[in-house]
>>> print(open('coords_34.cif').read())   # mmCIF, C-alpha atoms and all ligand atoms
data_work
loop_
_atom_site.label_atom_id
_atom_site.label_comp_id
_atom_site.auth_asym_id
_atom_site.auth_seq_id
_atom_site.Cartn_x
_atom_site.Cartn_y
_atom_site.Cartn_z
CA MET U 43 -25.38 1.45 -4.23
CA GLN U 44 -22.69 0.46 -6.71
CA ASN U 45 -19.51 2.47 -6.84
CA ILE U 46 -19.11 4.95 -9.67
CA ILE U 47 -15.37 4.43 -9.40
CA LYS U 48 -14.45 0.79 -9.03
CA GLU U 49 -10.67 0.93 -9.13
CA ILE U 50 -7.66 3.22 -9.26
CA ARG U 51 -4.69 2.42 -11.43
CA TYR U 52 -1.22 3.29 -10.15
CA TYR U 53 1.77 4.29 -12.29
CA ASN U 54 5.32 4.82 -11.07
CA CYS U 55 6.64 7.75 -13.13
CA GLY U 56 10.25 8.29 -12.15
CA TYR U 57 11.67 8.62 -8.66
CA CYS U 58 14.00 10.50 -6.37
CA THR U 59 16.10 9.27 -3.47
CA ASN U 60 16.65 10.64 0.01
CA ASN U 61 18.68 9.55 3.03
CA LEU U 62 16.26 8.80 5.90
CA LYS U 63 18.96 9.82 8.38
CA LEU U 64 18.44 13.39 7.15
CA VAL U 65 14.64 13.06 7.29
CA LEU U 66 13.83 11.53 10.68
CA LYS U 67 15.48 12.05 14.06
CA LYS U 68 17.27 8.95 15.45
CA HIS U 69 17.08 7.15 12.11
CA LYS U 70 20.13 5.31 10.76
CA LYS U 71 21.51 5.95 7.29
CA GLU U 72 19.17 4.45 4.69
CA ILE U 73 18.84 5.62 1.10
CA LYS U 74 15.17 5.34 0.26
CA VAL U 75 13.55 5.51 -3.16
CA PHE U 76 10.52 7.80 -3.43
CA PRO U 77 8.56 7.05 -6.63
CA ALA U 78 6.59 9.84 -8.31
CA GLY U 79 3.15 8.25 -8.40
CA VAL U 80 0.35 9.00 -10.84
CA PHE U 81 -3.16 7.67 -10.26
CA LEU U 82 -5.66 6.95 -13.02
CA ILE U 83 -9.29 7.12 -12.00
CA LYS U 84 -12.03 5.74 -14.26
CA HIS U 85 -15.33 7.44 -13.59
CA GLN U 86 -18.28 5.60 -15.16
CA LYS U 87 -19.82 8.77 -16.63
CA LYS U 88 -16.97 11.28 -16.82
CA GLY U 89 -14.30 8.96 -18.21
CA TYR U 90 -10.61 8.98 -17.37
CA ILE U 91 -9.20 11.34 -14.77
CA LEU U 92 -5.53 11.60 -13.81
CA PHE U 93 -4.39 12.59 -10.36
CA ASP U 94 -1.05 14.33 -11.06
CA THR U 95 1.31 13.58 -13.95
CA GLY U 96 4.69 12.56 -12.46
CA TYR U 97 8.12 13.50 -13.73
CA SER U 98 9.20 14.04 -17.31
CA THR U 99 12.77 13.97 -18.65
CA GLU U 100 12.47 17.75 -19.00
CA ILE U 101 13.52 17.90 -15.35
CA TYR U 102 17.11 17.67 -16.67
CA ASN U 103 16.66 20.74 -18.92
CA LEU U 104 15.77 23.42 -16.42
CA GLY U 105 19.08 25.25 -16.03
CA TRP U 106 20.46 26.16 -12.61
CA LYS U 107 17.11 25.78 -10.84
CA GLY U 108 16.84 22.20 -12.08
CA LYS U 109 20.45 21.47 -11.10
CA LEU U 110 19.81 22.71 -7.58
CA TYR U 111 16.64 20.62 -7.36
CA ASN U 112 18.57 17.55 -8.48
CA LEU U 113 21.31 18.18 -5.95
CA PHE U 114 18.94 18.14 -2.98
CA ASN U 115 16.58 15.66 -4.54
CA PRO U 116 18.49 13.25 -6.84
CA THR U 117 15.98 12.49 -9.58
CA TYR U 118 15.81 9.54 -11.98
CA VAL U 119 13.44 9.46 -14.93
CA GLU U 120 13.57 7.98 -18.43
CA LYS U 121 11.17 8.53 -21.33
CA SER U 122 9.59 5.12 -20.72
CA ASP U 123 8.69 6.22 -17.14
CA GLN U 124 6.56 9.13 -18.37
CA ILE U 125 2.82 8.76 -17.84
CA ASN U 126 2.00 9.54 -21.50
CA ILE U 127 4.12 6.56 -22.61
CA GLN U 128 2.87 4.24 -19.88
CA LEU U 129 -0.79 5.04 -20.65
CA GLU U 130 -0.27 4.23 -24.31
CA LYS U 131 1.22 0.89 -23.26
CA SER U 132 -2.00 0.27 -21.30
CA GLY U 133 -3.99 1.03 -24.48
CA ILE U 134 -5.15 4.48 -23.36
CA LYS U 135 -4.54 7.48 -25.62
CA CYS U 136 -3.58 10.80 -24.03
CA ASP U 137 -6.62 12.43 -25.66
CA GLU U 138 -8.90 10.07 -23.74
CA ILE U 139 -7.94 11.77 -20.47
CA LYS U 140 -10.83 14.16 -19.74
CA TYR U 141 -9.59 15.71 -16.51
CA ILE U 142 -6.34 16.11 -14.63
CA ILE U 143 -6.46 16.95 -10.95
CA LEU U 144 -3.16 18.59 -10.02
CA SER U 145 -2.61 18.32 -6.28
CA HIS U 146 0.05 21.05 -6.48
CA LEU U 147 2.62 22.28 -8.98
CA HIS U 148 5.92 20.73 -7.83
CA PRO U 149 7.97 19.23 -10.70
CA ASP U 150 7.19 15.59 -9.80
CA HIS U 151 3.47 16.31 -10.26
CA ILE U 152 3.36 18.46 -13.40
CA GLY U 153 6.06 16.90 -15.61
CA CYS U 154 3.72 15.48 -18.24
CA VAL U 155 0.80 17.94 -18.24
CA LYS U 156 1.90 19.05 -21.72
CA TYR U 157 0.83 15.73 -23.30
CA PHE U 158 -2.82 16.17 -22.32
CA LYS U 159 -4.11 19.11 -24.32
CA LYS U 160 -7.69 17.76 -24.37
CA ALA U 161 -7.91 17.54 -20.58
CA LYS U 162 -9.48 20.07 -18.26
CA ILE U 163 -7.01 20.78 -15.47
CA ILE U 164 -8.36 21.13 -11.95
CA ILE U 165 -6.41 23.13 -9.36
CA SER U 166 -7.26 25.11 -6.24
CA GLU U 167 -7.46 28.88 -6.19
CA ASP U 168 -4.42 29.06 -3.87
CA THR U 169 -2.42 26.89 -6.25
CA PHE U 170 -3.38 29.19 -9.12
CA ASN U 171 -2.26 32.22 -7.09
CA THR U 172 1.11 30.64 -6.29
CA TYR U 173 1.54 29.95 -10.02
CA LYS U 174 0.69 33.56 -10.90
CA ASN U 175 2.94 35.08 -8.20
CA ASN U 176 5.65 32.48 -8.52
CA LYS U 177 8.41 32.65 -5.91
CA ILE U 178 11.40 30.31 -5.65
CA ARG U 179 10.09 28.77 -2.40
CA TYR U 180 6.92 27.61 -4.15
CA LEU U 181 9.14 25.27 -6.23
CA ILE U 182 7.08 25.76 -9.38
CA PHE U 183 9.14 25.38 -12.53
CA ASP U 184 6.67 26.86 -14.98
CA LYS U 185 8.90 25.93 -17.93
CA LEU U 186 7.45 22.43 -17.47
CA LEU U 187 3.94 23.69 -18.17
CA PRO U 188 2.60 24.11 -21.72
CA LYS U 189 1.54 27.46 -23.22
CA TRP U 190 -2.13 26.42 -23.19
CA PHE U 191 -2.06 25.55 -19.46
CA GLU U 192 -4.19 28.50 -18.32
CA ASN U 193 -6.79 27.98 -21.08
CA ASN U 194 -7.57 24.49 -19.78
CA LEU U 195 -7.85 25.35 -16.11
CA ILE U 196 -10.82 24.79 -13.83
CA ILE U 197 -9.97 26.75 -10.70
CA ILE U 198 -11.77 25.60 -7.57
CA ASP U 199 -12.17 28.62 -5.35
CA ASP U 200 -12.10 28.62 -1.57
CA LYS U 201 -15.88 28.98 -1.25
CA LYS U 202 -16.45 25.82 -3.25
CA LEU U 203 -13.88 23.88 -1.24
CA VAL U 204 -15.95 24.29 1.92
CA GLU U 205 -19.35 23.42 0.42
CA GLY U 206 -19.52 20.04 2.13
CA LYS U 207 -18.24 18.72 5.44
CA ASN U 208 -17.61 15.20 6.74
CA LYS U 209 -15.98 13.83 9.88
CA TYR U 210 -12.50 14.79 8.65
CA PHE U 211 -12.59 17.93 6.54
CA GLU U 212 -14.50 20.42 4.43
CA TYR U 213 -14.74 19.43 0.79
CA TYR U 214 -16.04 20.08 -2.72
CA ASP U 215 -17.98 17.27 -4.37
CA LEU U 216 -16.41 17.46 -7.84
CA PHE U 217 -19.11 15.71 -9.90
CA LYS U 218 -21.97 16.06 -7.39
CA ASP U 219 -22.19 12.27 -7.06
CA ASN U 220 -20.07 11.71 -3.93
CA SER U 221 -17.45 9.83 -5.95
CA ILE U 222 -14.59 12.36 -5.70
CA LEU U 223 -14.42 14.79 -2.79
CA LEU U 224 -11.72 17.44 -3.16
CA THR U 225 -10.20 18.90 -0.03
CA LYS U 226 -7.47 21.39 0.61
CA VAL U 227 -4.58 20.02 2.66
CA ASN U 228 -2.15 22.84 3.34
CA GLY U 229 1.27 22.21 4.84
CA HIS U 230 3.39 20.67 2.12
CA ALA U 231 2.34 23.24 -0.48
CA LEU U 232 -0.07 26.15 -0.29
CA GLY U 233 -3.42 25.07 -1.71
CA GLN U 234 -2.55 21.39 -2.17
CA ILE U 235 -5.68 19.41 -3.01
CA CYS U 236 -6.25 15.79 -2.12
CA CYS U 237 -9.20 13.50 -3.01
CA LEU U 238 -11.36 11.15 -1.05
CA ILE U 239 -12.60 8.53 -3.50
CA GLU U 240 -15.88 6.74 -2.80
CA ASN U 241 -15.37 7.54 0.91
CA LYS U 242 -12.86 4.69 1.04
CA LEU U 243 -9.56 5.74 -0.43
CA PHE U 244 -7.67 8.99 0.10
CA LEU U 245 -5.29 10.25 -2.56
CA GLY U 246 -3.11 12.23 -0.21
CA ALA U 247 -0.49 13.58 -2.68
CA ASP U 248 2.39 14.91 -0.55
CA SER U 249 0.44 15.45 2.67
CA SER U 250 2.81 12.72 3.93
CA TRP U 251 5.95 11.15 2.43
CA GLY U 252 4.22 7.80 2.68
CA ASN U 253 2.21 5.51 4.95
CA GLU U 254 5.26 4.68 7.07
CA PHE U 255 5.66 8.41 7.85
CA VAL U 256 2.07 9.07 8.99
CA GLY U 257 2.09 10.27 12.61
CA LYS U 258 5.82 10.99 12.54
CA ALA U 259 5.85 14.64 11.45
CA ASN U 260 7.04 15.69 14.90
CA ASN U 261 10.21 13.61 14.38
CA PHE U 262 11.22 15.46 11.23
CA ARG U 263 14.70 16.95 11.09
CA ILE U 264 15.44 20.43 9.75
CA PHE U 265 15.73 19.42 6.07
CA PRO U 266 12.21 17.98 5.65
CA ARG U 267 10.79 20.81 7.80
CA PHE U 268 12.47 23.35 5.57
CA ILE U 269 10.92 22.00 2.36
CA GLN U 270 7.35 22.10 3.69
CA PHE U 271 5.47 25.30 2.97
CA ASN U 272 4.01 25.47 6.48
CA MET U 273 5.19 22.91 9.04
CA LYS U 274 2.50 23.84 11.58
CA ASP U 275 -0.26 22.97 9.08
CA TYR U 276 1.67 19.85 8.05
CA ILE U 277 1.68 18.55 11.64
CA VAL U 278 -2.04 19.30 12.12
CA ASN U 279 -2.85 17.38 8.93
CA ASP U 280 -0.53 14.52 9.91
CA THR U 281 -2.77 13.93 12.94
CA LEU U 282 -5.82 13.99 10.67
CA LEU U 283 -4.23 11.38 8.39
CA GLU U 284 -3.55 9.18 11.42
CA THR U 285 -7.24 9.34 12.37
CA MET U 286 -8.37 8.46 8.84
CA LYS U 287 -5.99 5.52 8.77
CA LYS U 288 -7.30 4.24 12.11
CA ASP U 289 -10.83 4.49 10.71
CA GLY U 290 -9.88 2.16 7.87
CA ILE U 291 -9.56 4.64 5.01
CA GLU U 292 -6.84 3.53 2.62
CA LEU U 293 -4.23 6.28 2.32
CA CYS U 294 -2.37 6.50 -1.01
CA PHE U 295 0.45 9.02 -1.15
CA SER U 296 2.31 10.10 -4.25
CA HIS U 297 5.65 8.82 -2.98
CA ASP U 298 4.61 5.50 -1.47
CA THR U 299 5.76 2.24 -3.04
CA TYR U 300 2.97 0.06 -4.41
CA ASP U 301 3.22 -3.64 -5.14
CA LYS U 302 0.05 -3.65 -7.25
CA GLU U 303 -0.97 -1.75 -10.35
CA VAL U 304 -4.69 -1.82 -9.64
CA ILE U 305 -6.17 -0.76 -6.32
CA LYS U 306 -9.74 -2.11 -6.05
CA LEU U 307 -12.36 -0.10 -4.23
ZN ZN T 401 5.48 18.31 -3.55
#
>>> encode(input="coords_34.cif", output="structure tokens")
Amino acid sequence: MQNIIKEIRYYNCGYCTNNLKLVLKKHKKEIKVFPAGVFLIKHQKKGYILFDTGYSTEIYNLGWKGKLYNLFNPTYVEKSDQINIQLEKSGIKCDEIKYIILSHLHPDHIGCVKYFKKAKIIISEDTFNTYKNNKIRYLIFDKLLPKWFENNLIIIDDKKLVEGKNKYFEYYDLFKDNSILLTKVNGHALGQICCLIENKLFLGADSSWGNEFVGKANNFRIFPRFIQFNMKDYIVNDTLLETMKKDGIELCFSHDTYDKEVIKL
């Protein structure tokens, strides 16, 4: 059978930097760039779907919370990096985006939601609850979200997220065609959702910092442990990612560096 999704388009929408010496035990000083990745999925029947929305320059206008975020996570973003601008350059209007899947609500994933008023926004029930009962440790800067945010939501509840099961996890088949399987990957953020596309490619959001970090969660220093919502869950899922990788599933994380714009399936 032919794939319903034939390719994923990658956009680098701003970045932050971190010193790997503070991330991994026994690592030498190395300042590494972590891009904020956005993935554009073209579904043959449903149209364009975005997986996350990257940074926006609003990250510099968030008062003391934003300043603190920038201190621990030096952030670089210009207008031209924003996904709304980059899509227009690719000839795609913001209003053509039918759905946005938000893995979680950290600032490097929700920066440009406000440009997509026509899109239905898909989040997990846990993510919605963290948004409603916002606490500083959830790292949700709701000032970045538009007023109409709640009106556009499709909330995937926990019952739905366990409707199906494969070798790796329980999932929800978003369009009932096996093209996009949503699964909850706790650890980094409560209720984070990731997607298995066409059973070949896994959009892993922040379930790992990148392919080079898969299987290394046990080597994390205090700083990266501290910023995960639940380190125990993070380590369990790190092992799962390792298994998927060994099985030949392509893992695409939000903060990996990509040398190609189009990832063929
Ligand atoms: Zn995050």
>>> residues_near_ligand(input="coords_34.cif", ligand="ligand ZN 401 (chain T)", cutoff="10 Å", atoms="all atoms listed in the file", output="list of chain:residue names")
U:Ala78, U:Ser145, U:His146, U:Leu147, U:His148, U:Pro149, U:Asp150, U:His151, U:Tyr180, U:Leu181, U:Ile182, U:His230, U:Ala231, U:Gln234, U:Ala247, U:Asp248, U:Ser249, U:Ser250, U:Trp251, U:Ile269, U:Gln270, U:Phe271, U:Ser296, U:His297
>>> closest_residue(input="coords_34.cif", among="U:Leu238, U:Ala259, U:Val204, U:Leu187", to="U:Met286", atoms="all atoms listed in the file")
U:Leu238
>>> closest_residue(input="coords_34.cif", among="U:Lys258, U:Lys67, U:Lys242, U:Lys202", to="U:Glu167", atoms="only C-alpha atoms")
U:Lys202
>>> residues_around(input="coords_34.cif", residues="U:Leu232", least_positions_apart="4", cutoff="7 Å", atoms="all atoms listed in the file", output="mmCIF file with C-alpha atoms, in the coordinates of the input")
data_model
loop_
_atom_site.group_PDB
_atom_site.id
_atom_site.type_symbol
_atom_site.label_atom_id
_atom_site.label_comp_id
_atom_site.auth_asym_id
_atom_site.auth_seq_id
_atom_site.Cartn_x
_atom_site.Cartn_y
_atom_site.Cartn_z
ATOM 1 C CA ASP U 168 -4.420 29.060 -3.870
ATOM 2 C CA THR U 169 -2.420 26.890 -6.250
ATOM 3 C CA ASN U 228 -2.150 22.840 3.340
ATOM 4 C CA PHE U 271 5.470 25.300 2.970
#
>>> residues_around(input="coords_34.cif", residues="stretch 217-226 of chain U", least_positions_apart="5", cutoff="6 Å", atoms="all atoms listed in the file", output="ChimeraX atom specification")
/U:233-240
>>> closest_residue(input="coords_34.cif", among="U:Asp123, U:Glu205, U:Asp289, U:Asp275", to="U:Gly56", atoms="all atoms listed in the file")
U:Asp123
>>> residues_around(input="coords_34.cif", residues="stretch 197-201 of chain U", least_positions_apart="5", cutoff="7 Å", atoms="only C-alpha atoms", output="PyMOL selection string")
chain U and resi 164-167
>>> atom_distance(input="coords_34.cif", atom1="atom CA of U:Thr99", atom2="atom CA of U:Gly153")
7.9 Å
>>> axis_aligned_box(input="coords_34.cif", around="stretch 77-93 of chain U", padding_each_side="8 Å", output="AutoDock Vina command-line options")
--center_x -5.6 --center_y 9.1 --center_z -12.4 --size_x 44.4 --size_y 23.0 --size_z 27.6
>>> residues_around(input="coords_34.cif", residues="U:Lys63", least_positions_apart="4", cutoff="12 Å", atoms="only C-alpha atoms", output="list in words")
Lys67, Lys68, His69, Lys70, Lys71, Glu72, Ile73, Lys74, Asn261, Phe262, Arg263, Ile264, Phe265 and Pro266 of chain U
>>> residues_around(input="coords_34.cif", residues="stretch 105-116 of chain U", least_positions_apart="6", cutoff="8 Å", atoms="only C-alpha atoms", output="ChimeraX atom specification")
/U:58-60
>>> residues_near_point(input="coords_34.cif", point="(-8.1, 11.6, -21.5)", cutoff="12 Å", atoms="all atoms listed in the file", output="number ranges by chain")
U: 82-85, 88-93, 125-126, 129-130, 133-143, 155, 157-163
>>> atom_distance(input="coords_34.cif", atom1="atom CA of U:Pro188", atom2="atom CA of U:Lys156")
5.1 Å
>>> atom_distance(input="coords_34.cif", atom1="atom CA of U:Asp301", atom2="atom CA of U:Asp280")
23.9 Å
>>> closest_residue(input="coords_34.cif", among="U:Lys131, U:Lys185, U:Lys302, U:Lys177", to="U:Ile152", atoms="all atoms listed in the file")
U:Lys185
>>> closest_residue(input="coords_34.cif", among="U:Asn208, U:Asn54, U:Asn45, U:Ser132", to="U:Asp94", atoms="only C-alpha atoms")
U:Asn54
>>> closest_residue(input="coords_34.cif", among="U:Phe183, U:Phe81, U:Tyr173, U:Phe244", to="U:Tyr52", atoms="all atoms listed in the file")
U:Phe81
>>> build_atoms(input="coords_34.cif", residues="stretch 110-125 of chain U", atoms="N, CA and C atoms", output="mmCIF file, in the coordinates of the input")
data_model
loop_
_atom_site.group_PDB
_atom_site.id
_atom_site.type_symbol
_atom_site.label_atom_id
_atom_site.label_comp_id
_atom_site.auth_asym_id
_atom_site.auth_seq_id
_atom_site.Cartn_x
_atom_site.Cartn_y
_atom_site.Cartn_z
ATOM 1 N N LEU U 110 19.923 22.575 -9.032
ATOM 2 C CA LEU U 110 19.810 22.710 -7.580
ATOM 3 C C LEU U 110 18.790 21.692 -7.031
ATOM 4 N N TYR U 111 17.679 21.581 -7.749
ATOM 5 C CA TYR U 111 16.640 20.620 -7.360
ATOM 6 C C TYR U 111 17.208 19.208 -7.338
ATOM 7 N N ASN U 112 17.975 18.880 -8.369
ATOM 8 C CA ASN U 112 18.570 17.550 -8.480
ATOM 9 C C ASN U 112 19.619 17.270 -7.415
ATOM 10 N N LEU U 113 20.279 18.323 -6.979
ATOM 11 C CA LEU U 113 21.310 18.180 -5.950
ATOM 12 C C LEU U 113 20.674 17.756 -4.621
ATOM 13 N N PHE U 114 19.590 18.438 -4.249
ATOM 14 C CA PHE U 114 18.940 18.140 -2.980
ATOM 15 C C PHE U 114 17.981 16.953 -3.091
ATOM 16 N N ASN U 115 17.637 16.630 -4.303
ATOM 17 C CA ASN U 115 16.580 15.660 -4.540
ATOM 18 C C ASN U 115 16.971 14.825 -5.771
ATOM 19 N N PRO U 116 18.013 13.979 -5.646
ATOM 20 C CA PRO U 116 18.490 13.250 -6.840
ATOM 21 C C PRO U 116 17.338 12.556 -7.569
ATOM 22 N N THR U 117 17.166 12.907 -8.828
ATOM 23 C CA THR U 117 15.980 12.490 -9.580
ATOM 24 C C THR U 117 16.353 11.558 -10.728
ATOM 25 N N TYR U 118 15.555 10.531 -10.928
ATOM 26 C CA TYR U 118 15.810 9.540 -11.980
ATOM 27 C C TYR U 118 14.532 9.348 -12.796
ATOM 28 N N VAL U 119 14.607 9.668 -14.063
ATOM 29 C CA VAL U 119 13.440 9.460 -14.930
ATOM 30 C C VAL U 119 13.904 9.237 -16.365
ATOM 31 N N GLU U 120 13.296 8.229 -17.007
ATOM 32 C CA GLU U 120 13.570 7.980 -18.430
ATOM 33 C C GLU U 120 12.266 8.182 -19.185
ATOM 34 N N LYS U 121 12.373 8.336 -20.495
ATOM 35 C CA LYS U 121 11.170 8.530 -21.330
ATOM 36 C C LYS U 121 10.103 7.479 -21.043
ATOM 37 N N SER U 122 10.554 6.215 -20.903
ATOM 38 C CA SER U 122 9.590 5.120 -20.720
ATOM 39 C C SER U 122 8.855 5.206 -19.374
ATOM 40 N N ASP U 123 9.359 6.044 -18.444
ATOM 41 C CA ASP U 123 8.690 6.220 -17.140
ATOM 42 C C ASP U 123 7.539 7.220 -17.241
ATOM 43 N N GLN U 124 7.544 8.037 -18.280
ATOM 44 C CA GLN U 124 6.560 9.130 -18.370
ATOM 45 C C GLN U 124 5.136 8.564 -18.497
ATOM 46 N N ILE U 125 4.197 9.255 -17.873
ATOM 47 C CA ILE U 125 2.820 8.760 -17.840
ATOM 48 C C ILE U 125 2.206 8.681 -19.248
#
